[in-house]
Amino acid sequence: MLWGKAAGRCQYEGCNELLDLDLVTKSAMNASYIAHIYGDQPLGPRYHDEYSVKLAKDLSNLMLLCDRHHRKIDREEVAAHPVERLLGMKQKHEQRIELLTSLTPEMQSHVILYGANIGVHGAPLCFQSAAQAMSPLRYPSSGRAIELGLINSLLEDHTPEYWTVQQDHLLQLFDRYIRPLIGTDKTQHFSIFGLAPMPMLIKLGTLISDISEADVYQRHREPASWQWQEDEEEFEYRLIEPENKSGIPVLKLSLSATITDERIAPLFGEDCSIWELTHAQPHNDFLRSPTQLKKFRVMMRKAFDRVKAYHGQHSVLHLFPAMPVSAAIELGRVYMPKADLPLVIYDQQNKYKAFIRTIQLN
């Protein structure tokens with residue numbers, strides 16, 4: 001019963017080591033120790049005149065531990081492991097196992113990791129972190145992710161070749177691994193984790209689209225995690241319309257940073273109409289909850305519709321993003337190629353200290 005409640009893993013906080021195999025040879029073995037919370041020996045750790053006798057073989061008084069942590073609580077650091085602390089470890093571990101094993105097959109999801117070089121930095125994506133962020137609402141459909149990135153490319157995003165190669169590679173991998181799943185696989189839900197330049201994340205979003213059911217996740221800086229936070233503070237986006245709507249339509253997304261008109265106008269001259277989607281305090285860690293992301297989807301649809309209504313269906317919309325990675329993917333998902341204006345997407349390049357034109361959609 002103890003093995004079942006512990007799922008065969010060490011119950012010491014932060015350990016979770018699997019105890020039914022040799023970690024070196026990977027051969028099957030029983031590497032566990034059953035430890036007493038209230039000690040069963042009069043001179044042993046945490047012995048209690050009343051409880052130790054009554055609970056000597058009671059499940060509530062037993063923990064499944066690895067060798068290292070069994071020695072730690074019974075020999076090396078006894079004083080640091082009072083009864084209350086060990087009971088807390090046991091309870092949290094068993095509650096987590098009960099929650100995870102109660103998930104139904106309908107809660108399975110394909111994990112998609114998409115990373116591409118940002119400047120000279122690679123994208124730190126990890127299947128384990130993704131799986132942890134999905135719990136308890138979803139869990140991976142298999143023990144590995146579908147990886148779509150070209151992380152080891154020597155090309156950097158200030159070169160024209162970068163955008164061509166990245167797009168071609170993304171399309172090829174999407175057609176090979178994702179498209180065959182849509183409408184045919186028993187699991188029809190996707191969990192998406194991306195760290196890449198904004199234009200490529202938007203491109204990924206257009207491939208998945210809003211036809212497929214999907215959850216998009218955001219990498220937070222504080223705390224450093226992919227787990228959505230449940231911030232319930234008042235939050236609204238604002239769509240600021242230009243006074244002159246007769247020029248070339250430009251939409252700047254001042255979400256994670258403020259984009260000034262002076263950085264955009266030189267690319268078009270005076271003949272441009274600059275729209276802006278923003279909020280009260282643009283900064284790089286503002287997006288904390290799924291509610292905020294949902295509000296962004298709604299506002300993004302409104303922006304596409306209003307720009308098209310004023311500028312006409314034969315215009316091309318120029319997009320300048322400063323936004324979280326999850327919002328970039330969702331922008332691509334809500335974009336409708338047959339209904340919305342063609343998009344030319346720009347990317348800020350520190351090498352040139354300016355925005356450069358990257359890819360075009362539709």
# chains A, B, ... in the order shown; residues from 1 in each chain; ligands from 1
$ select_by_dssp --residues "stretch 218-274 of chain A" --states "strand (DSSP E)" --output "PyMOL selection string"
chain A and resi 237-240+248-254+272-274
$ write_last_selection --atoms "C-alpha atoms" --output "PDB file, in the first residue's frame"
ATOM      1  CA  TYR A 237      -5.584  46.169 -23.293  1.00  0.00           C
ATOM      2  CA  ARG A 238      -6.051  49.382 -25.274  1.00  0.00           C
ATOM      3  CA  LEU A 239      -6.206  49.833 -29.045  1.00  0.00           C
ATOM      4  CA  ILE A 240      -5.020  53.359 -29.882  1.00  0.00           C
ATOM      5  CA  ILE A 248       0.202  52.824 -44.983  1.00  0.00           C
ATOM      6  CA  PRO A 249      -1.283  50.794 -42.089  1.00  0.00           C
ATOM      7  CA  VAL A 250       1.199  49.995 -39.317  1.00  0.00           C
ATOM      8  CA  LEU A 251       0.386  48.153 -36.086  1.00  0.00           C
ATOM      9  CA  LYS A 252       2.829  48.257 -33.196  1.00  0.00           C
ATOM     10  CA  LEU A 253       2.349  45.893 -30.274  1.00  0.00           C
ATOM     11  CA  SER A 254       3.769  47.694 -27.237  1.00  0.00           C
ATOM     12  CA  CYS A 272       1.920  55.870 -42.618  1.00  0.00           C
ATOM     13  CA  SER A 273      -0.888  55.430 -40.126  1.00  0.00           C
ATOM     14  CA  ILE A 274       0.393  53.957 -36.866  1.00  0.00           C
TER      15      ILE A 274
END
$ residues_around --residues "stretch 24-36 of chain A" --least-positions-apart "3" --cutoff "8 Å" --atoms "only C-alpha atoms" --output "list of chain:residue names"
A:Cys10, A:Leu19, A:Asp20, A:Leu21, A:Gly39, A:Asp40, A:Ala56, A:Asn61, A:Leu62, A:Met63, A:Leu64, A:Leu65, A:Cys66, A:Asp67, A:His70
$ write_last_selection --atoms "C-alpha atoms" --output "CSV table (one decimal), in the first residue's frame"
chain,number,residue,atom,x,y,z
A,10,CYS,CA,11.2,8.6,-2.7
A,19,LEU,CA,13.0,3.2,-6.5
A,20,ASP,CA,12.4,0.1,-8.6
A,21,LEU,CA,15.6,0.1,-10.6
A,39,GLY,CA,10.6,5.8,15.5
A,40,ASP,CA,9.8,2.2,16.4
A,56,ALA,CA,4.6,1.0,14.5
A,61,ASN,CA,3.5,6.6,10.1
A,62,LEU,CA,5.6,5.1,7.2
A,63,MET,CA,7.5,6.8,4.4
A,64,LEU,CA,9.1,5.3,1.3
A,65,LEU,CA,12.6,6.7,0.9
A,66,CYS,CA,15.8,6.2,-1.0
A,67,ASP,CA,19.0,5.2,0.8
A,70,HIS,CA,16.7,7.4,4.8
$ closest_residue --among "A:Ser60, A:Gln41, A:Ser289, A:Gln95" --to "A:Glu234" --atoms "only C-alpha atoms"
A:Ser289
$ residues_around --residues "A:Asn362" --least-positions-apart "6" --cutoff "8 Å" --atoms "only C-alpha atoms" --output "list in words"
Pro337, Leu341, Pro342 and Leu343 of chain A
$ write_last_selection --atoms "N, CA and C atoms" --output "PDB file, in the first residue's frame"
ATOM      1  N   PRO A 337      -5.988  33.927 -42.658  1.00  0.00           N
ATOM      2  CA  PRO A 337      -5.395  34.278 -43.951  1.00  0.00           C
ATOM      3  C   PRO A 337      -6.404  34.715 -45.002  1.00  0.00           C
ATOM      4  N   LEU A 341      -5.827  41.166 -43.556  1.00  0.00           N
ATOM      5  CA  LEU A 341      -4.858  41.741 -44.479  1.00  0.00           C
ATOM      6  C   LEU A 341      -3.558  40.951 -44.454  1.00  0.00           C
ATOM      7  N   PRO A 342      -2.834  40.907 -45.573  1.00  0.00           N
ATOM      8  CA  PRO A 342      -1.497  40.309 -45.545  1.00  0.00           C
ATOM      9  C   PRO A 342      -0.628  41.016 -44.501  1.00  0.00           C
ATOM     10  N   LEU A 343       0.228  40.248 -43.810  1.00  0.00           N
ATOM     11  CA  LEU A 343       1.069  40.795 -42.754  1.00  0.00           C
ATOM     12  C   LEU A 343       2.530  40.780 -43.159  1.00  0.00           C
TER      13      LEU A 343
END
$ residues_around --residues "A:Phe296" --least-positions-apart "4" --cutoff "12 Å" --atoms "only C-alpha atoms" --output "MDAnalysis selection string"
chainID A and resid 235:239 253 255 277:279 287 289:292 300:303 323:324 326:331 333:334
$ residues_around --residues "A:Thr159" --least-positions-apart "5" --cutoff "10 Å" --atoms "only C-alpha atoms" --output "list in words"
Thr164, Ile356 and Thr358 of chain A
$ write_last_selection --atoms "C-alpha atoms" --output "CSV table (one decimal), in the first residue's frame"
chain,number,residue,atom,x,y,z
A,164,THR,CA,14.2,31.6,-45.0
A,356,ILE,CA,14.2,44.9,-40.0
A,358,THR,CA,11.6,39.5,-41.8
$ closest_residue --among "A:Ser315, A:Ser141, A:Gln360, A:Ser52" --to "A:Lys186" --atoms "only C-alpha atoms"
A:Ser141
$ atom_distance --atom1 "atom CA of A:Ile202" --atom2 "atom CA of A:Asn244"
27.7 Å
$ atom_distance --atom1 "atom CA of A:Leu125" --atom2 "atom CA of A:Gly143"
15.2 Å
$ residues_around --residues "stretch 221-230 of chain A" --least-positions-apart "6" --cutoff "12 Å" --atoms "only C-alpha atoms" --output "PyMOL selection string"
chain A and resi 124-137+191-195+215+283-293+324-326
$ write_last_selection --atoms "C-alpha atoms" --output "mmCIF file, in the first residue's frame"
data_model
loop_
_atom_site.group_PDB
_atom_site.id
_atom_site.type_symbol
_atom_site.label_atom_id
_atom_site.label_comp_id
_atom_site.auth_asym_id
_atom_site.auth_seq_id
_atom_site.Cartn_x
_atom_site.Cartn_y
_atom_site.Cartn_z
ATOM 1 C CA PRO A 124 16.184 26.643 -23.115
ATOM 2 C CA LEU A 125 13.257 24.257 -23.573
ATOM 3 C CA CYS A 126 12.733 21.156 -21.458
ATOM 4 C CA PHE A 127 10.101 18.412 -21.646
ATOM 5 C CA GLN A 128 10.120 17.943 -17.855
ATOM 6 C CA SER A 129 9.412 21.632 -17.241
ATOM 7 C CA ALA A 130 6.644 21.563 -19.820
ATOM 8 C CA ALA A 131 4.988 18.509 -18.262
ATOM 9 C CA GLN A 132 5.137 20.139 -14.829
ATOM 10 C CA ALA A 133 3.525 23.337 -16.155
ATOM 11 C CA MET A 134 0.629 21.367 -17.691
ATOM 12 C CA SER A 135 -0.309 19.624 -14.431
ATOM 13 C CA PRO A 136 -2.956 19.224 -13.060
ATOM 14 C CA LEU A 137 -5.237 20.139 -15.961
ATOM 15 C CA SER A 191 0.327 22.156 -25.408
ATOM 16 C CA ILE A 192 2.712 24.660 -26.973
ATOM 17 C CA PHE A 193 5.968 25.986 -25.493
ATOM 18 C CA GLY A 194 8.014 28.371 -27.630
ATOM 19 C CA LEU A 195 11.133 30.514 -27.282
ATOM 20 C CA ASP A 215 -2.981 25.649 -24.684
ATOM 21 C CA HIS A 283 7.223 45.257 -19.338
ATOM 22 C CA ASN A 284 8.695 41.864 -20.145
ATOM 23 C CA ASP A 285 6.992 39.831 -17.396
ATOM 24 C CA PHE A 286 3.489 41.283 -17.321
ATOM 25 C CA LEU A 287 1.647 38.293 -18.800
ATOM 26 C CA ARG A 288 0.865 36.111 -15.786
ATOM 27 C CA SER A 289 -2.447 34.333 -16.331
ATOM 28 C CA PRO A 290 -4.484 32.576 -19.047
ATOM 29 C CA THR A 291 -7.155 35.248 -18.575
ATOM 30 C CA GLN A 292 -4.750 37.948 -19.742
ATOM 31 C CA LEU A 293 -3.831 35.848 -22.781
ATOM 32 C CA PRO A 324 5.521 37.859 -24.773
ATOM 33 C CA VAL A 325 6.203 34.581 -26.564
ATOM 34 C CA SER A 326 2.764 33.146 -25.777
#
